[in-house]
$ cat upload_22.cif   # mmCIF, C-alpha atoms
data_structure
#
loop_
_atom_site.group_PDB
_atom_site.id
_atom_site.type_symbol
_atom_site.label_atom_id
_atom_site.label_comp_id
_atom_site.auth_asym_id
_atom_site.auth_seq_id
_atom_site.Cartn_x
_atom_site.Cartn_y
_atom_site.Cartn_z
ATOM 1 C CA SER F 11 22.658 13.903 -4.895
ATOM 2 C CA GLY F 12 18.945 13.205 -4.912
ATOM 3 C CA GLY F 13 17.641 14.095 -1.461
ATOM 4 C CA HIS F 14 14.743 12.308 0.195
ATOM 5 C CA PRO F 15 11.255 11.473 -1.090
ATOM 6 C CA ASP F 16 8.172 13.338 0.071
ATOM 7 C CA TYR F 17 6.104 10.155 0.006
ATOM 8 C CA ILE F 18 6.415 6.424 -0.464
ATOM 9 C CA ILE F 19 3.726 4.316 -2.108
ATOM 10 C CA PHE F 20 3.194 0.605 -1.523
ATOM 11 C CA LEU F 21 1.133 -1.086 -4.233
ATOM 12 C CA CYS F 22 -0.905 -4.015 -3.023
ATOM 13 C CA CYS F 23 -3.294 -6.272 -4.899
ATOM 14 C CA ASP F 24 -5.844 -7.251 -2.229
ATOM 15 C CA ALA F 25 -7.626 -10.345 -3.536
ATOM 16 C CA PHE F 26 -10.028 -10.391 -0.573
ATOM 17 C CA GLY F 27 -11.495 -6.907 -1.007
ATOM 18 C CA VAL F 28 -10.894 -5.742 2.547
ATOM 19 C CA LEU F 29 -8.429 -2.902 1.896
ATOM 20 C CA PRO F 30 -9.605 0.538 0.740
ATOM 21 C CA PRO F 31 -8.388 2.049 -2.543
ATOM 22 C CA VAL F 32 -5.801 4.108 -0.632
ATOM 23 C CA ALA F 33 -4.729 4.500 2.986
ATOM 24 C CA LYS F 34 -2.251 6.751 4.747
ATOM 25 C CA LEU F 35 0.064 4.803 7.035
ATOM 26 C CA ASN F 36 1.832 6.038 10.142
ATOM 27 C CA PRO F 37 5.473 4.905 10.512
ATOM 28 C CA GLY F 38 4.550 1.825 12.567
ATOM 29 C CA GLN F 39 1.886 0.763 10.056
ATOM 30 C CA ALA F 40 4.284 1.421 7.176
ATOM 31 C CA MET F 41 6.851 -0.784 8.896
ATOM 32 C CA TYR F 42 4.257 -3.559 9.302
ATOM 33 C CA HIS F 43 3.209 -3.456 5.630
ATOM 34 C CA PHE F 44 6.845 -3.275 4.557
ATOM 35 C CA ILE F 45 7.661 -6.390 6.601
ATOM 36 C CA SER F 46 4.612 -8.361 5.467
ATOM 37 C CA GLY F 47 4.785 -7.403 1.787
ATOM 38 C CA TYR F 48 1.179 -8.539 1.313
ATOM 39 C CA THR F 49 -0.168 -8.768 -2.228
ATOM 40 C CA ALA F 50 -1.739 -11.392 -4.465
ATOM 41 C CA LYS F 51 -0.532 -13.431 -7.391
ATOM 42 C CA VAL F 52 -3.030 -12.899 -10.200
ATOM 43 C CA ALA F 53 -3.727 -14.454 -13.578
ATOM 44 C CA GLY F 54 -1.870 -12.655 -16.317
ATOM 45 C CA THR F 55 1.112 -11.776 -14.149
ATOM 46 C CA GLU F 56 1.928 -15.202 -12.707
ATOM 47 C CA ARG F 57 2.263 -18.440 -14.643
ATOM 48 C CA GLY F 58 -0.253 -21.124 -13.661
ATOM 49 C CA ILE F 59 -2.471 -18.810 -11.608
ATOM 50 C CA LYS F 60 -6.172 -18.940 -12.497
ATOM 51 C CA GLU F 61 -7.614 -17.187 -9.423
ATOM 52 C CA PRO F 62 -5.878 -14.631 -7.201
ATOM 53 C CA MET F 63 -3.804 -16.129 -4.420
ATOM 54 C CA ALA F 64 -2.522 -14.183 -1.392
ATOM 55 C CA THR F 65 1.231 -14.030 -1.018
ATOM 56 C CA PHE F 66 3.705 -12.323 1.283
ATOM 57 C CA SER F 67 7.195 -11.130 0.421
ATOM 58 C CA PRO F 68 9.024 -9.401 3.276
ATOM 59 C CA CYS F 69 10.144 -5.929 2.288
ATOM 60 C CA TYR F 70 8.535 -6.574 -1.130
ATOM 61 C CA GLY F 71 11.729 -8.354 -2.156
ATOM 62 C CA ALA F 72 12.377 -11.407 0.035
ATOM 63 C CA ALA F 73 14.459 -13.181 -2.594
ATOM 64 C CA PHE F 74 16.984 -10.347 -2.601
ATOM 65 C CA LEU F 75 17.430 -9.768 1.147
ATOM 66 C CA THR F 76 20.814 -10.481 2.666
ATOM 67 C CA LEU F 77 19.803 -9.453 6.197
ATOM 68 C CA HIS F 78 16.800 -10.327 8.365
ATOM 69 C CA PRO F 79 13.703 -8.334 7.256
ATOM 70 C CA MET F 80 13.557 -6.536 10.636
ATOM 71 C CA GLU F 81 16.936 -4.931 9.892
ATOM 72 C CA TYR F 82 15.472 -3.308 6.786
ATOM 73 C CA ALA F 83 12.158 -2.500 8.487
ATOM 74 C CA ASP F 84 13.847 -0.722 11.393
ATOM 75 C CA LEU F 85 15.951 1.321 8.971
ATOM 76 C CA PHE F 86 12.871 2.086 6.868
ATOM 77 C CA LYS F 87 10.900 3.345 9.879
ATOM 78 C CA GLU F 88 13.874 5.395 11.080
ATOM 79 C CA LYS F 89 14.167 7.116 7.681
ATOM 80 C CA LEU F 90 10.412 7.779 7.480
ATOM 81 C CA GLU F 91 10.460 9.499 10.856
ATOM 82 C CA LYS F 92 13.755 11.352 10.340
ATOM 83 C CA HIS F 93 12.738 12.807 6.979
ATOM 84 C CA ASP F 94 8.995 13.189 7.705
ATOM 85 C CA VAL F 95 7.978 11.076 4.715
ATOM 86 C CA ASP F 96 4.321 10.202 4.150
ATOM 87 C CA CYS F 97 3.606 6.593 3.288
ATOM 88 C CA TYR F 98 0.529 5.323 1.434
ATOM 89 C CA LEU F 99 -0.867 1.883 0.677
ATOM 90 C CA VAL F 100 -2.636 1.776 -2.696
ATOM 91 C CA ASN F 101 -4.857 -1.233 -3.370
ATOM 92 C CA THR F 102 -4.910 -2.312 -7.013
ATOM 93 C CA GLY F 103 -6.957 -5.418 -6.174
ATOM 94 C CA TRP F 104 -10.604 -5.866 -5.262
ATOM 95 C CA SER F 105 -13.136 -3.743 -3.414
ATOM 96 C CA GLY F 106 -16.494 -4.665 -1.920
ATOM 97 C CA GLY F 107 -15.662 -8.347 -1.673
ATOM 98 C CA ALA F 108 -13.139 -10.920 -2.742
ATOM 99 C CA PHE F 109 -12.386 -12.081 -6.270
ATOM 100 C CA GLY F 110 -15.652 -13.349 -7.758
ATOM 101 C CA ASP F 111 -17.843 -11.180 -5.514
ATOM 102 C CA GLY F 112 -16.267 -7.723 -5.432
ATOM 103 C CA GLU F 113 -14.984 -5.541 -8.237
ATOM 104 C CA ARG F 114 -11.393 -5.090 -9.378
ATOM 105 C CA MET F 115 -10.040 -1.580 -8.904
ATOM 106 C CA SER F 116 -10.024 0.152 -12.238
ATOM 107 C CA ILE F 117 -6.848 1.648 -13.620
ATOM 108 C CA LYS F 118 -8.657 5.000 -13.458
ATOM 109 C CA THR F 119 -9.213 4.563 -9.710
ATOM 110 C CA THR F 120 -5.608 3.538 -9.109
ATOM 111 C CA ARG F 121 -4.303 6.455 -11.171
ATOM 112 C CA SER F 122 -6.593 8.847 -9.293
ATOM 113 C CA CYS F 123 -5.156 7.651 -5.970
ATOM 114 C CA ILE F 124 -1.586 8.038 -7.229
ATOM 115 C CA ASP F 125 -2.353 11.456 -8.756
ATOM 116 C CA ALA F 126 -3.838 12.668 -5.458
ATOM 117 C CA ILE F 127 -0.637 11.648 -3.670
ATOM 118 C CA PHE F 128 1.627 13.232 -6.309
ATOM 119 C CA ASP F 129 -0.284 16.523 -6.570
ATOM 120 C CA GLY F 130 -0.812 16.814 -2.798
ATOM 121 C CA SER F 131 -4.617 16.934 -2.978
ATOM 122 C CA ILE F 132 -4.821 13.874 -0.710
ATOM 123 C CA LYS F 133 -3.442 16.055 2.099
ATOM 124 C CA LYS F 134 -6.354 18.476 1.674
ATOM 125 C CA THR F 135 -9.084 15.907 2.241
ATOM 126 C CA THR F 136 -10.433 14.592 5.506
ATOM 127 C CA PHE F 137 -9.653 11.102 6.706
ATOM 128 C CA ARG F 138 -11.489 8.500 8.747
ATOM 129 C CA LYS F 139 -9.779 5.899 10.880
ATOM 130 C CA ASP F 140 -10.309 2.374 9.574
ATOM 131 C CA THR F 141 -11.887 0.336 12.382
ATOM 132 C CA VAL F 142 -10.116 -2.906 11.423
ATOM 133 C CA PHE F 143 -6.611 -1.806 10.417
ATOM 134 C CA GLY F 144 -6.347 1.552 12.185
ATOM 135 C CA PHE F 145 -4.893 3.424 9.221
ATOM 136 C CA GLU F 146 -6.281 6.668 7.820
ATOM 137 C CA VAL F 147 -8.584 6.445 4.784
ATOM 138 C CA PRO F 148 -9.527 9.539 2.735
ATOM 139 C CA THR F 149 -13.253 10.276 2.903
ATOM 140 C CA ALA F 150 -13.258 11.744 -0.620
ATOM 141 C CA LEU F 151 -10.897 11.814 -3.595
ATOM 142 C CA ASN F 152 -11.641 12.775 -7.187
ATOM 143 C CA ASN F 153 -12.687 9.727 -9.259
ATOM 144 C CA VAL F 154 -12.423 7.343 -6.272
ATOM 145 C CA ASP F 155 -15.404 5.721 -4.568
ATOM 146 C CA ALA F 156 -14.931 5.943 -0.797
#

$ encode --input "upload_22.cif" --output "structure tokens"
Amino acid sequence: SGGHPDYIIFLCCDAFGVLPPVAKLNPGQAMYHFISGYTAKVAGTERGIKEPMATFSPCYGAAFLTLHPMEYADLFKEKLEKHDVDCYLVNTGWSGGAFGDGERMSIKTTRSCIDAIFDGSIKKTTFRKDTVFGFEVPTALNNVDA
């Protein structure tokens, strides 16, 4: 049998440029992001989309849910707490402003965030509390602008 993960990563394409490149979520915040399933439909991945458009998919899979999303969210939070799993939100969308004003996260930036989670270096950095969302944002990561 496989055991339990050390971390869970939510990928989110923030079309409004308000989310940081990466954030560490506590179990309640992880539950919220799991329920909301916020991301954006973007040109190249969605037919008929010319500009990014916000979308929400509960539990990142609404079309496949047989139970109410809260059933899955409660179970998710329970497992995070029971197995002491770290949860991160990685923004693959825009930074410094919305589409048209800000800049799209580079693949290098996204990979650097994921690498820092995988190799554990994210745990060795300091974090600041985001004043809007309340989650923890690393103050410095290799190849990632804070």

$ closest_residue --input "upload_22.cif" --among "F:Pro31, F:Pro15, F:Gly54, F:Pro62" --to "Phe109 in chain F" --atoms "only C-alpha atoms"
F:Pro62

$ resolve_selection --input "upload_22.cif" --expression "the PyMOL selection byres ((chain F and resi 71-73) around 12)" --output "ChimeraX atom specification"
/F:44-49,65-70,74-80,82

$ write_last_selection --input "upload_22.cif" --atoms "C-alpha atoms" --output "compact mmCIF listing (two decimals), in the frame of the given file"
# COMPACT_ATOMS: atom_id res chain seq x y z
CA PHE F 44 6.84 -3.28 4.56
CA ILE F 45 7.66 -6.39 6.60
CA SER F 46 4.61 -8.36 5.47
CA GLY F 47 4.78 -7.40 1.79
CA TYR F 48 1.18 -8.54 1.31
CA THR F 49 -0.17 -8.77 -2.23
CA THR F 65 1.23 -14.03 -1.02
CA PHE F 66 3.70 -12.32 1.28
CA SER F 67 7.20 -11.13 0.42
CA PRO F 68 9.02 -9.40 3.28
CA CYS F 69 10.14 -5.93 2.29
CA TYR F 70 8.54 -6.57 -1.13
CA PHE F 74 16.98 -10.35 -2.60
CA LEU F 75 17.43 -9.77 1.15
CA THR F 76 20.81 -10.48 2.67
CA LEU F 77 19.80 -9.45 6.20
CA HIS F 78 16.80 -10.33 8.36
CA PRO F 79 13.70 -8.33 7.26
CA MET F 80 13.56 -6.54 10.64
CA TYR F 82 15.47 -3.31 6.79

$ closest_residue --input "upload_22.cif" --among "F:Val52, F:Met63, F:Cys97, F:Ala25" --to "Ala40 in chain F" --atoms "only C-alpha atoms"
F:Cys97

$ closest_residue --input "upload_22.cif" --among "F:Val95, F:Lys60, F:Leu29, F:Leu90" --to "Ala108 in chain F" --atoms "all atoms listed in the file"
F:Leu29

$ resolve_selection --input "upload_22.cif" --expression "the PyMOL selection byres ((chain F and resi 94) around 10)" --output "ChimeraX atom specification"
/F:14-17,37,88-93,95-97

$ atom_distance --input "upload_22.cif" --atom1 "CA of Trp104 in chain F" --atom2 "CA of Cys23 in chain F"
7.3 Å

$ closest_residue --input "upload_22.cif" --among "F:Val28, F:Lys87, F:Phe20, F:Leu35" --to "Phe137 in chain F" --atoms "all atoms listed in the file"
F:Leu35

$ closest_residue --input "upload_22.cif" --among "F:Asn153, F:Thr55, F:Thr136, F:Asn36" --to "Arg121 in chain F" --atoms "only C-alpha atoms"
F:Asn153

$ closest_residue --input "upload_22.cif" --among "F:Met115, F:Phe145, F:Ala50, F:Asn152" --to "Asp129 in chain F" --atoms "only C-alpha atoms"
F:Asn152

$ resolve_selection --input "upload_22.cif" --expression "the PyMOL selection byres ((chain F and resi 138) around 12)" --output "VMD selection string"
chain F and resid 30 32 to 34 135 to 137 139 to 150 156

$ atom_distance --input "upload_22.cif" --atom1 "CA of Val100 in chain F" --atom2 "CA of Leu21 in chain F"
5.0 Å

$ atom_distance --input "upload_22.cif" --atom1 "CA of Lys134 in chain F" --atom2 "CA of Phe26 in chain F"
29.2 Å

$ axis_aligned_box --input "upload_22.cif" --around "range 73-89 of chain F" --padding-each-side "3 Å" --output "JSON"
{"center_x": 15.9, "center_y": -3.0, "center_z": 4.4, "size_x": 15.9, "size_y": 26.3, "size_z": 20.0}
